[in-house]
$ cat upload05.pdb   # PDB, C-alpha atoms
ATOM      1  CA  MET A   1      -9.631  -4.814 -13.813  1.00  0.00           C
ATOM      2  CA  PRO A   2      -9.365  -1.431 -15.550  1.00  0.00           C
ATOM      3  CA  PHE A   3      -6.933   1.169 -14.237  1.00  0.00           C
ATOM      4  CA  ASP A   4      -7.920   4.818 -13.973  1.00  0.00           C
ATOM      5  CA  ARG A   5      -5.239   6.823 -15.807  1.00  0.00           C
ATOM      6  CA  GLY A   6      -5.452   9.922 -13.594  1.00  0.00           C
ATOM      7  CA  LYS A   7      -5.479   7.908 -10.371  1.00  0.00           C
ATOM      8  CA  THR A   8      -2.515   5.876 -11.651  1.00  0.00           C
ATOM      9  CA  ILE A   9      -0.482   8.981 -12.529  1.00  0.00           C
ATOM     10  CA  ARG A  10      -1.222  10.608  -9.165  1.00  0.00           C
ATOM     11  CA  GLY A  11      -0.282   7.353  -7.418  1.00  0.00           C
ATOM     12  CA  ALA A  12       2.991   7.257  -9.356  1.00  0.00           C
ATOM     13  CA  LEU A  13       3.723  10.837  -8.298  1.00  0.00           C
ATOM     14  CA  ALA A  14       2.992   9.960  -4.663  1.00  0.00           C
ATOM     15  CA  GLY A  15       5.263   6.920  -4.929  1.00  0.00           C
ATOM     16  CA  ALA A  16       8.132   8.894  -6.460  1.00  0.00           C
ATOM     17  CA  LEU A  17       7.859  11.557  -3.756  1.00  0.00           C
ATOM     18  CA  ALA A  18       7.755   8.911  -1.018  1.00  0.00           C
ATOM     19  CA  ALA A  19      10.846   7.263  -2.526  1.00  0.00           C
ATOM     20  CA  ALA A  20      12.592  10.651  -2.518  1.00  0.00           C
ATOM     21  CA  VAL A  21      11.809  11.062   1.194  1.00  0.00           C
ATOM     22  CA  TRP A  22      13.191   7.564   1.794  1.00  0.00           C
ATOM     23  CA  ALA A  23      16.430   8.289  -0.067  1.00  0.00           C
ATOM     24  CA  ALA A  24      16.874  11.755   1.443  1.00  0.00           C
ATOM     25  CA  GLN A  25      16.705  10.428   5.005  1.00  0.00           C
ATOM     26  CA  MET A  26      19.065   7.468   4.403  1.00  0.00           C
ATOM     27  CA  PRO A  27      22.178   9.229   5.738  1.00  0.00           C
ATOM     28  CA  LEU A  28      20.350   9.633   9.056  1.00  0.00           C
ATOM     29  CA  ASP A  29      19.099   6.058   9.302  1.00  0.00           C
ATOM     30  CA  LYS A  30      22.529   4.721   8.330  1.00  0.00           C
ATOM     31  CA  ARG A  31      23.855   6.399  11.460  1.00  0.00           C
ATOM     32  CA  ALA A  32      20.862   5.447  13.628  1.00  0.00           C
ATOM     33  CA  PHE A  33      21.015   1.754  12.680  1.00  0.00           C
ATOM     34  CA  ALA A  34      24.841   1.624  12.422  1.00  0.00           C
ATOM     35  CA  SER A  35      24.487   0.011   8.997  1.00  0.00           C
ATOM     36  CA  ASP A  36      25.961   1.140   5.690  1.00  0.00           C
ATOM     37  CA  PHE A  37      23.134  -0.435   3.664  1.00  0.00           C
ATOM     38  CA  ASP A  38      22.201   2.112   0.966  1.00  0.00           C
ATOM     39  CA  ASP A  39      19.453   1.418  -1.568  1.00  0.00           C
ATOM     40  CA  VAL A  40      20.582   4.152  -3.961  1.00  0.00           C
ATOM     41  CA  GLU A  41      24.109   2.722  -3.995  1.00  0.00           C
ATOM     42  CA  LEU A  42      22.794  -0.812  -4.469  1.00  0.00           C
ATOM     43  CA  LEU A  43      20.678   0.230  -7.465  1.00  0.00           C
ATOM     44  CA  GLY A  44      23.174   2.673  -8.977  1.00  0.00           C
ATOM     45  CA  LYS A  45      26.141   0.334  -8.827  1.00  0.00           C
ATOM     46  CA  ALA A  46      24.074  -2.368 -10.497  1.00  0.00           C
ATOM     47  CA  ILE A  47      23.928  -0.069 -13.553  1.00  0.00           C
ATOM     48  CA  THR A  48      27.328   1.597 -13.511  1.00  0.00           C
ATOM     49  CA  ARG A  49      30.447   1.454 -11.395  1.00  0.00           C
ATOM     50  CA  GLY A  50      31.586   4.893 -12.520  1.00  0.00           C
ATOM     51  CA  ARG A  51      30.960   8.306 -10.993  1.00  0.00           C
ATOM     52  CA  ALA A  52      27.377   8.364 -12.279  1.00  0.00           C
ATOM     53  CA  TRP A  53      26.143   5.619  -9.930  1.00  0.00           C
ATOM     54  CA  PRO A  54      24.405   8.083  -7.545  1.00  0.00           C
ATOM     55  CA  LEU A  55      22.378   9.582 -10.395  1.00  0.00           C
ATOM     56  CA  ALA A  56      21.515   6.136 -11.771  1.00  0.00           C
ATOM     57  CA  GLY A  57      20.621   4.942  -8.271  1.00  0.00           C
ATOM     58  CA  TRP A  58      18.330   7.898  -7.596  1.00  0.00           C
ATOM     59  CA  ALA A  59      16.639   7.477 -10.977  1.00  0.00           C
ATOM     60  CA  LEU A  60      15.985   3.778 -10.394  1.00  0.00           C
ATOM     61  CA  HIS A  61      14.874   4.366  -6.821  1.00  0.00           C
ATOM     62  CA  LEU A  62      12.367   7.043  -7.873  1.00  0.00           C
ATOM     63  CA  GLN A  63      11.188   4.853 -10.744  1.00  0.00           C
ATOM     64  CA  ASN A  64      10.593   1.926  -8.380  1.00  0.00           C
ATOM     65  CA  GLY A  65       8.673   4.211  -6.028  1.00  0.00           C
ATOM     66  CA  ALA A  66       6.557   5.498  -8.918  1.00  0.00           C
ATOM     67  CA  LEU A  67       5.742   1.966 -10.098  1.00  0.00           C
ATOM     68  CA  PHE A  68       4.806   0.885  -6.588  1.00  0.00           C
ATOM     69  CA  GLY A  69       2.708   4.027  -6.136  1.00  0.00           C
ATOM     70  CA  ALA A  70       0.868   3.494  -9.415  1.00  0.00           C
ATOM     71  CA  LEU A  71      -0.069  -0.051  -8.435  1.00  0.00           C
ATOM     72  CA  TYR A  72      -0.896   1.018  -4.905  1.00  0.00           C
ATOM     73  CA  ALA A  73      -3.290   3.741  -6.079  1.00  0.00           C
ATOM     74  CA  ASN A  74      -5.340   1.205  -7.998  1.00  0.00           C
ATOM     75  CA  LEU A  75      -5.224  -1.723  -5.567  1.00  0.00           C
ATOM     76  CA  ALA A  76      -5.177  -0.178  -2.075  1.00  0.00           C
ATOM     77  CA  PRO A  77      -8.774   1.125  -2.101  1.00  0.00           C
ATOM     78  CA  ARG A  78      -9.892  -2.495  -2.401  1.00  0.00           C
ATOM     79  CA  ALA A  79      -8.004  -3.541   0.744  1.00  0.00           C
ATOM     80  CA  PRO A  80     -10.217  -4.089   3.797  1.00  0.00           C
ATOM     81  CA  LEU A  81      -8.066  -1.804   5.950  1.00  0.00           C
ATOM     82  CA  PRO A  82      -8.442   1.735   7.266  1.00  0.00           C
ATOM     83  CA  SER A  83      -6.931   4.230   4.820  1.00  0.00           C
ATOM     84  CA  TRP A  84      -4.136   5.232   7.212  1.00  0.00           C
ATOM     85  CA  VAL A  85      -2.929   1.596   7.467  1.00  0.00           C
ATOM     86  CA  ARG A  86      -2.938   0.732   3.762  1.00  0.00           C
ATOM     87  CA  GLY A  87       0.331   2.450   2.756  1.00  0.00           C
ATOM     88  CA  PRO A  88       2.468   1.130   5.603  1.00  0.00           C
ATOM     89  CA  ALA A  89       0.910  -2.352   5.312  1.00  0.00           C
ATOM     90  CA  ALA A  90       1.574  -2.547   1.570  1.00  0.00           C
ATOM     91  CA  ALA A  91       5.170  -1.335   1.906  1.00  0.00           C
ATOM     92  CA  LEU A  92       5.961  -3.634   4.831  1.00  0.00           C
ATOM     93  CA  ALA A  93       4.421  -6.598   2.988  1.00  0.00           C
ATOM     94  CA  GLU A  94       6.689  -5.834   0.033  1.00  0.00           C
ATOM     95  CA  ASN A  95       9.697  -5.505   2.350  1.00  0.00           C
ATOM     96  CA  PHE A  96       9.237  -8.886   3.986  1.00  0.00           C
ATOM     97  CA  ALA A  97       8.251 -10.618   0.739  1.00  0.00           C
ATOM     98  CA  THR A  98      11.377  -9.429  -1.080  1.00  0.00           C
ATOM     99  CA  TRP A  99      13.928  -9.489   1.774  1.00  0.00           C
ATOM    100  CA  PRO A 100      15.114 -13.021   0.881  1.00  0.00           C
ATOM    101  CA  LEU A 101      16.323 -11.592  -2.440  1.00  0.00           C
ATOM    102  CA  ALA A 102      19.004  -9.782  -0.445  1.00  0.00           C
ATOM    103  CA  ALA A 103      20.812 -13.114  -0.215  1.00  0.00           C
ATOM    104  CA  LEU A 104      21.059 -13.134  -4.012  1.00  0.00           C
ATOM    105  CA  THR A 105      22.252  -9.540  -4.020  1.00  0.00           C
ATOM    106  CA  ASP A 106      24.991 -10.412  -1.519  1.00  0.00           C
ATOM    107  CA  ARG A 107      26.222 -13.172  -3.861  1.00  0.00           C
ATOM    108  CA  LEU A 108      25.484 -11.885  -7.376  1.00  0.00           C
ATOM    109  CA  HIS A 109      25.538  -8.071  -7.406  1.00  0.00           C
ATOM    110  CA  PRO A 110      28.252  -6.741  -9.758  1.00  0.00           C
ATOM    111  CA  ALA A 111      29.595  -4.475  -6.980  1.00  0.00           C
ATOM    112  CA  ARG A 112      29.167  -6.946  -4.101  1.00  0.00           C
ATOM    113  CA  GLU A 113      32.742  -6.360  -2.884  1.00  0.00           C
ATOM    114  CA  GLU A 114      31.947  -2.658  -2.415  1.00  0.00           C
ATOM    115  CA  LEU A 115      28.592  -3.183  -0.674  1.00  0.00           C
ATOM    116  CA  PRO A 116      27.857  -4.371   2.850  1.00  0.00           C
ATOM    117  CA  VAL A 117      26.435  -7.849   3.340  1.00  0.00           C
ATOM    118  CA  VAL A 118      22.787  -7.286   4.216  1.00  0.00           C
ATOM    119  CA  PHE A 119      20.846 -10.569   4.262  1.00  0.00           C
ATOM    120  CA  ALA A 120      22.336 -11.935   7.491  1.00  0.00           C
ATOM    121  CA  ASN A 121      22.539  -8.491   9.090  1.00  0.00           C
ATOM    122  CA  PRO A 122      19.669  -7.812  11.542  1.00  0.00           C
ATOM    123  CA  ARG A 123      20.534  -4.088  11.559  1.00  0.00           C
ATOM    124  CA  ALA A 124      20.076  -3.936   7.786  1.00  0.00           C
ATOM    125  CA  LEU A 125      16.719  -5.706   8.098  1.00  0.00           C
ATOM    126  CA  ALA A 126      15.604  -3.251  10.787  1.00  0.00           C
ATOM    127  CA  GLN A 127      16.834  -0.378   8.625  1.00  0.00           C
ATOM    128  CA  SER A 128      14.958  -1.711   5.600  1.00  0.00           C
ATOM    129  CA  THR A 129      11.831  -2.162   7.709  1.00  0.00           C
ATOM    130  CA  TRP A 130      12.058   1.451   8.896  1.00  0.00           C
ATOM    131  CA  ARG A 131      12.540   2.707   5.338  1.00  0.00           C
ATOM    132  CA  HIS A 132       9.543   0.775   4.065  1.00  0.00           C
ATOM    133  CA  LEU A 133       7.403   1.953   6.966  1.00  0.00           C
ATOM    134  CA  LEU A 134       8.347   5.568   6.229  1.00  0.00           C
ATOM    135  CA  PHE A 135       7.804   5.096   2.492  1.00  0.00           C
ATOM    136  CA  GLY A 136       4.418   3.491   3.094  1.00  0.00           C
ATOM    137  CA  ALA A 137       3.232   6.209   5.458  1.00  0.00           C
ATOM    138  CA  VAL A 138       4.255   8.990   3.056  1.00  0.00           C
ATOM    139  CA  LEU A 139       2.884   7.139   0.031  1.00  0.00           C
ATOM    140  CA  GLY A 140      -0.416   6.360   1.720  1.00  0.00           C
ATOM    141  CA  GLU A 141      -1.042   9.913   2.861  1.00  0.00           C
ATOM    142  CA  LEU A 142       0.071  11.579  -0.392  1.00  0.00           C
ATOM    143  CA  GLU A 143      -1.945   9.174  -2.524  1.00  0.00           C
ATOM    144  CA  ARG A 144      -5.006   9.614  -0.297  1.00  0.00           C
ATOM    145  CA  ARG A 145      -4.809  13.386  -0.680  1.00  0.00           C
ATOM    146  CA  LEU A 146      -3.993  13.376  -4.398  1.00  0.00           C
ATOM    147  CA  ASN A 147      -6.743  10.896  -5.247  1.00  0.00           C
ATOM    148  CA  ALA A 148      -9.372  12.174  -2.821  1.00  0.00           C
ATOM    149  CA  PRO A 149     -12.848  12.078  -4.303  1.00  0.00           C
ATOM    150  CA  GLU A 150     -14.227  15.468  -5.209  1.00  0.00           C
ATOM    151  CA  PRO A 151     -16.895  16.674  -2.794  1.00  0.00           C
ATOM    152  CA  VAL A 152     -20.407  16.265  -4.085  1.00  0.00           C
ATOM    153  CA  GLN A 153     -22.048  19.637  -4.703  1.00  0.00           C
ATOM    154  CA  PRO A 154     -25.821  19.828  -4.469  1.00  0.00           C
ATOM    155  CA  PRO A 155     -27.548  20.865  -7.686  1.00  0.00           C
ATOM    156  CA  ASP A 156     -28.284  24.593  -7.954  1.00  0.00           C
ATOM    157  CA  TYR A 157     -32.064  24.123  -7.948  1.00  0.00           C
ATOM    158  CA  LEU A 158     -31.942  22.893  -4.339  1.00  0.00           C
ATOM    159  CA  GLN A 159     -30.814  26.313  -3.203  1.00  0.00           C
ATOM    160  CA  THR A 160     -34.016  27.968  -4.422  1.00  0.00           C
ATOM    161  CA  VAL A 161     -36.496  25.391  -3.126  1.00  0.00           C
ATOM    162  CA  SER A 162     -37.586  25.172   0.482  1.00  0.00           C
ATOM    163  CA  SER A 163     -38.460  21.970   2.260  1.00  0.00           C
ATOM    164  CA  ASN A 164     -42.177  22.687   1.850  1.00  0.00           C
ATOM    165  CA  GLY A 165     -41.849  22.902  -1.943  1.00  0.00           C
ATOM    166  CA  HIS A 166     -42.946  26.551  -2.241  1.00  0.00           C
ATOM    167  CA  GLY A 167     -39.607  28.257  -2.636  1.00  0.00           C
ATOM    168  CA  ARG A 168     -37.635  30.391  -0.220  1.00  0.00           C
ATOM    169  CA  ILE A 169     -39.197  33.029   1.976  1.00  0.00           C
ATOM    170  CA  GLU A 170     -36.599  35.549   0.802  1.00  0.00           C
ATOM    171  CA  HIS A 171     -38.074  35.403  -2.708  1.00  0.00           C
ATOM    172  CA  LEU A 172     -41.556  36.102  -1.331  1.00  0.00           C
ATOM    173  CA  ALA A 173     -40.488  39.132   0.699  1.00  0.00           C
ATOM    174  CA  THR A 174     -38.818  40.910  -2.191  1.00  0.00           C
ATOM    175  CA  ALA A 175     -40.828  42.588  -4.858  1.00  0.00           C
ATOM    176  CA  ASP A 176     -39.382  43.089  -8.283  1.00  0.00           C
TER     177      ASP A 176
END
$ encode --input "upload05.pdb" --output "C-alpha cells"
Amino acid sequence: MPFDRGKTIRGALAGALAAAVWAAQMPLDKRAFASDFDDVELLGKAITRGRAWPLAGWALHLQNGALFGALYANLAPRAPLPSWVRGPAAALAENFATWPLAALTDRLHPAREELPVVFANPRALAQSTWRHLLFGAVLGELERRLNAPEPVQPPDYLQTVSSNGHGRIEHLATAD
C-alpha cells in the first residue's frame, strides 16, 4: 500500500499539533482527575533524569503524535466510519490497546519511584482516555482540513458554451 508523501507530512503535522494540545492541557486534567499522571514526565524521565527531562518529554510526545498522525492520514480514509468519528476512534483504540503496558511502566521505568502508579489507578485510566479522546478529535479535524481534496473546477470551455450547444447569448448580443 503506497503512502502519499504530502498526505503523510500533513498528517504528521496534525498529529504533532494534536499532541501539543494534549500536553498543554495536562495541568488542567491533572487537577480535574486528581491524578498526577503526566505523559511528558513519563517520556522525558525515561531519557534523562536531569533538568532536561521536560524538553526531552515534549520532544518525544510531539514525535509520537507526528508518527500517529502520519499513519492515521494514510489509514483513516479507509475506515468505514464517518470522518468526524475516525480520529477519536483511532486514538481511543490505541489507548485501550496499549493501556496494559502501563503495568510494565510501573515496574520497569527508570524513574518509577518518582512517578505515580498508573495501571491500577482508575483515575489515571479515565485521564488517559480523556487525553486520547481530545487528541483524536483534534487530530481528526486538523488532518481532515489539511488533507481535504481540492475542489474540482470545471474546464474553462464550459463557461462559454450554453446547454443548447450554440454558445452564450451574451456573445450573440455584443458586436465586435
$ residues_around --input "upload05.pdb" --residues "stretch 16-31 of chain A" --least-positions-apart "5" --cutoff "6 Å" --atoms "only C-alpha atoms" --output "compact mmCIF listing (two decimals) with C-alpha atoms, in the frame of the given file"
# COMPACT_ATOMS: atom_id res chain seq x y z
CA ASP A 36 25.96 1.14 5.69
CA LEU A 62 12.37 7.04 -7.87
CA GLY A 65 8.67 4.21 -6.03
CA ALA A 66 6.56 5.50 -8.92
CA PHE A 135 7.80 5.10 2.49
CA VAL A 138 4.26 8.99 3.06
CA LEU A 139 2.88 7.14 0.03
$ residues_near_point --input "upload05.pdb" --point "(-3.3, 2.5, 5.9)" --cutoff "10 Å" --atoms "all atoms listed in the file" --output "number ranges by chain"
A: 76-77, 79-90, 136-137, 139-141, 144
$ resolve_selection --input "upload05.pdb" --expression "the PyMOL selection byres ((chain A and resi 43) around 10)" --output "list in words"
Asp38, Asp39, Val40, Glu41, Leu42, Gly44, Lys45, Ala46, Ile47, Thr48, Trp53, Pro54, Leu55, Ala56, Gly57, Trp58, Ala59, Leu60, His61 and His109 of chain A
$ residues_around --input "upload05.pdb" --residues "A:Phe37" --least-positions-apart "6" --cutoff "12 Å" --atoms "only C-alpha atoms" --output "PyMOL selection string"
chain A and resi 23+26-31+43+102+105-106+112+114-119+121-128+131
$ atom_distance --input "upload05.pdb" --atom1 "atom CA of A:Leu13" --atom2 "atom CA of A:Arg78"
19.9 Å
$ residues_near_point --input "upload05.pdb" --point "(3.8, 2.9, -13.1)" --cutoff "12 Å" --atoms "all atoms listed in the file" --output "list of chain:residue names"
A:Phe3, A:Asp4, A:Arg5, A:Gly6, A:Lys7, A:Thr8, A:Ile9, A:Arg10, A:Gly11, A:Ala12, A:Leu13, A:Ala14, A:Gly15, A:Ala16, A:Leu62, A:Gln63, A:Asn64, A:Gly65, A:Ala66, A:Leu67, A:Phe68, A:Gly69, A:Ala70, A:Leu71, A:Tyr72, A:Ala73, A:Asn74
$ atom_distance --input "upload05.pdb" --atom1 "atom CA of A:Leu104" --atom2 "atom CA of A:Arg49"
18.9 Å
$ atom_distance --input "upload05.pdb" --atom1 "atom CA of A:His132" --atom2 "atom CA of A:Arg145"
19.7 Å
